[in-house]
Amino acid sequence: MPAPPTNDADAPEVGIGWRAPHQRALLEQRPALDFIEVHAENFFAPNAATRAPLLKARESYGLSLHGVGLSLGSADGIDPWHLDRLATLVADTEPRFVSEHASFARGTWQARAVHAADLLPLPFTREALDVLCANVQRVQDRLRRTIAVENLSAYLAWPEADMGEVDFLVALSQRTGCQLLVDVNNLVVNALNDQRAARIDAPLPAVHRWLDAIPPDCVSELHLAGHHDRGDLVIDDHGSRVHALVWQAYRHAVARFGAVPTLIEWDTDIPALDVLLDEAASARRLGRDALRAPAMEPAA
Amino acid sequence: MNTSLAQRQHELLDALLQAHPPGPEAPWHGPGLGAYRANAHAHAERALLAAYPVVAALLGEEAFQALARALWHHRPPERGDLSEWGAALAGFVAAQSDLDSLPYLSDVARLEWALHLASRAADTTPDAASFAWLEREPPERLLLRLAPGTAIVRSPWPVLSVLDAHLHGEPDFATVARRLAAGVAENVRVWRQGPALRLTPIDDTIAGFEAALLDGHTLGQALDHTPIDALAWLGDAVRSGLFAGVAPTPDAIDNEGEPPCPPSH
């Protein structure tokens with residue numbers, strides 16, 4: 001049975017990350033949401049016991065499969081095992097959205113294939129762009145659909161660069177036809193860390209400049225989440241409510257990109273489902289307000 | 001492979017995966033690298049706990065987390081799905097001299113990993129039609145297929161008792177302690193019956209027979225190695241969902257020039 005409609009045609013579609021602690025509550029309550037997102041790898045096991053809850057939820061909600069382990073930027077290429085599992089899951093669940101990250105984790109270490117289980121940044125070089133494009137193309141060819149690729153929060157900067165991050169991602173989209181998933185929280189986290197390292201004066205104008213440089217027709221989804229300031233570094237931990245600065249940036253993003261589907265992510269210290277639904281309501285409200293507001297001037 | 005990018009990515013992976021963080025002279029030194037290493041350790045602890053709750057209970061939280069971090073650096077993940085990581089724990093535990101006071105720990109780990117794999121194994125429907133091969137070919141030309149995820153764990157320790165005590169509260173820990181002190185050996189079969197995980201104690205003969213089948217030996221070879229009442233075993237295997245199908249060996253097919261499908265009645 002479908003979930004109740006959100007009855008909010010003037011707002012962006014809003015979904016939440018559906019994690020294990022809310023598996024039962026969501027299926028029982030069926031709150032009004034436009035879609036749910038899961039990490040694809042959590043449903044790789046090819047059996048009904050693993051897949052049944054997802055297929056049940058799929059009856060009520062649009063599905064976003066968000067990968068965290070494909071390692072699209074690896075010079076060693078895509079792991080065929082991983083791509084096989086993802087392709088099977090996509091075929092079985094027919095998701096509305098499939099997305100991954102502009103990152104790498106696979107490589108060779110001590111003569112073994114390894115995977116660092118993280119979203120490691122790429123250098124913004126032509127060489128890395130070629131690798132990323134080839135891998136994204138391979139994934140899209142196998143899945144027979146385009147995917148969306150997400151910008152990272154990065155805690156390391158490569159010394160080598162041929163271009164900035166925006167040019168890198170826009171070129172990826174133009175060469176492969178993939179969409180961009182803009183994680184607004186990641187932008188704010190990077191900007192806060194840049195400010196801490198005295199690379200920029202203020203975070204919000206930097207985030208707005210980043211958003212303003214992205215062609216709107218590239219963007220298919222926005223992500224929102226909480227972050228943690230541990231003093232020496234701001235960490236994208238998805239463990240709290242969306243911060244005020246991120247909401248401000250989100251408003252700017254919606255004003256620029258339009259009613260793009262928006263996800264509330266929460267992956268650590270996961271609270272009650274109602275808290276996520278409250279965040280989703282905030283996103284819907286702020287998104288609606290941003291769409292109604294007069295067109296914003298690009299950031300200086 | 002893109003060589004120079006691969007080399008640079010290798011350098012970062014090395015800084016993350018080596019047991020100790022690189023020193024101040026290293027290019028990746030700093031709080032950012034520390035954040036990634038801390039995240040990796042959190043992944044290691046969480047992933048290993050999901051697969052090895054009893055090993056974790058036996059060691060205590062702090063020691064288990066240290067073990068998870070050490071295993072991460074000794075044998076990092078190979079796949080982008082962390083549920084696939086941790087197979088090396090039993091061997092790693094066996095090599096740790098500071099764990100000599102828990103000589104059964106490695107076998108408990110083997111049993112837990114078998115359970116973990118069974119929980120993630122593919123579903124299967126028993127191929128009842130393939131039974132017909134049992135009448136048509138001699139045992140030495142037949143391969144019996146057991147349900148995906150089936151494993152046999154043979155141990156000189158009461159590993160099933162240890163597992164059951166921790167996961168189900170039965171037997172009680174005093175009984176387990178007596179069995180450990182007496183060196184009671186337990187063999188365990190792990191398998192999936194539909195969606196349900198099953199594990200049961202089995203004797204040496206059945207363990208040897210089923211292990212031979214899992215190793216790819218023919219039914220004839222398995223019976224030569226460990227003579228059992230094959231018909232009684234087969235009836236039990238069908239009823240319990242252990243039996244998945246039977247097929248002729250490739251040799252049998254080649255000799256008869258027939259396709260690999262069961263004969264019809």
# chains A, B, ... in the order shown; residues from 1 in each chain; ligands from 1
>>> interface_residues(of="chain B", to="chain A", cutoff="8 Å", atoms="only C-alpha atoms", output="ChimeraX atom specification")
/B:1-3,5-6,9-10,13-14,16-17,28,31-33,35-36,39-40,43,76-82,120-123,195
>>> select_by_dssp(residues="region 140-244 of chain B", states="strand (DSSP E or B)", output="PyMOL selection string")
chain B and resi 142-146+151-155+186-193+196-202+243-244
>>> atom_distance(atom1="CA of Arg209 (chain A)", atom2="CA of Ala253 (chain A)")
10.6 Å
>>> atom_distance(atom1="CA of Leu89 (chain B)", atom2="CA of Ser106 (chain B)")
7.7 Å
>>> select_by_dssp(residues="region 150-231 of chain B", states="alpha helix (DSSP H)", output="PyMOL selection string")
chain B and resi 159-168+173-182+204-214+219-225+230-231
>>> atom_distance(atom1="CA of Tyr250 (chain A)", atom2="CA of Val149 (chain A)")
18.1 Å
>>> residues_around(residues="His227 (chain A)", least_positions_apart="2", cutoff="9 Å", atoms="only C-alpha atoms", output="list of chain:residue names")
A:Asn185, A:Asn186, A:Val189, A:Ala225, A:Asp229, A:Val234, A:Ile235, A:Asp236, A:Asp237, A:His238, A:Gly239, A:Ser240, A:Arg241, A:Val242, A:His243
>>> closest_residue(among="A:Asp167, A:Asp194, A:Asp183, A:Asp141", to="Ile214 (chain A)", atoms="only C-alpha atoms")
A:Asp167
>>> residues_around(residues="Leu142 (chain B)", least_positions_apart="2", cutoff="10 Å", atoms="only C-alpha atoms", output="mmCIF file with C-alpha atoms, in the first residue's frame")
data_model
loop_
_atom_site.group_PDB
_atom_site.id
_atom_site.type_symbol
_atom_site.label_atom_id
_atom_site.label_comp_id
_atom_site.auth_asym_id
_atom_site.auth_seq_id
_atom_site.Cartn_x
_atom_site.Cartn_y
_atom_site.Cartn_z
ATOM 1 C CA TRP B 133 20.183 -39.249 -10.918
ATOM 2 C CA LEU B 134 20.512 -41.349 -7.758
ATOM 3 C CA ARG B 136 20.696 -43.777 -12.777
ATOM 4 C CA GLU B 137 24.346 -43.252 -11.877
ATOM 5 C CA PRO B 138 26.603 -45.019 -9.367
ATOM 6 C CA PRO B 139 27.635 -42.985 -6.276
ATOM 7 C CA GLU B 140 31.163 -42.461 -7.575
ATOM 8 C CA LEU B 144 25.559 -33.976 -3.944
ATOM 9 C CA ARG B 145 24.922 -30.274 -3.569
ATOM 10 C CA HIS B 217 34.152 -35.237 -3.471
ATOM 11 C CA THR B 218 31.696 -37.539 -5.168
ATOM 12 C CA LEU B 219 29.066 -39.367 -3.153
ATOM 13 C CA GLY B 220 31.072 -42.556 -3.681
ATOM 14 C CA GLN B 221 34.298 -40.997 -2.396
ATOM 15 C CA VAL B 246 22.366 -33.989 -7.080
ATOM 16 C CA ALA B 247 24.177 -33.957 -10.372
ATOM 17 C CA PRO B 248 26.400 -36.310 -12.335
ATOM 18 C CA THR B 249 30.102 -35.579 -12.408
ATOM 19 C CA PRO B 250 31.381 -33.934 -15.579
ATOM 20 C CA ASP B 251 33.019 -37.276 -16.440
ATOM 21 C CA ALA B 252 29.674 -39.028 -16.351
#
>>> closest_residue(among="B:His225, B:His166, B:Arg141, B:Arg198", to="Pro53 (chain B)", atoms="only C-alpha atoms")
B:His166
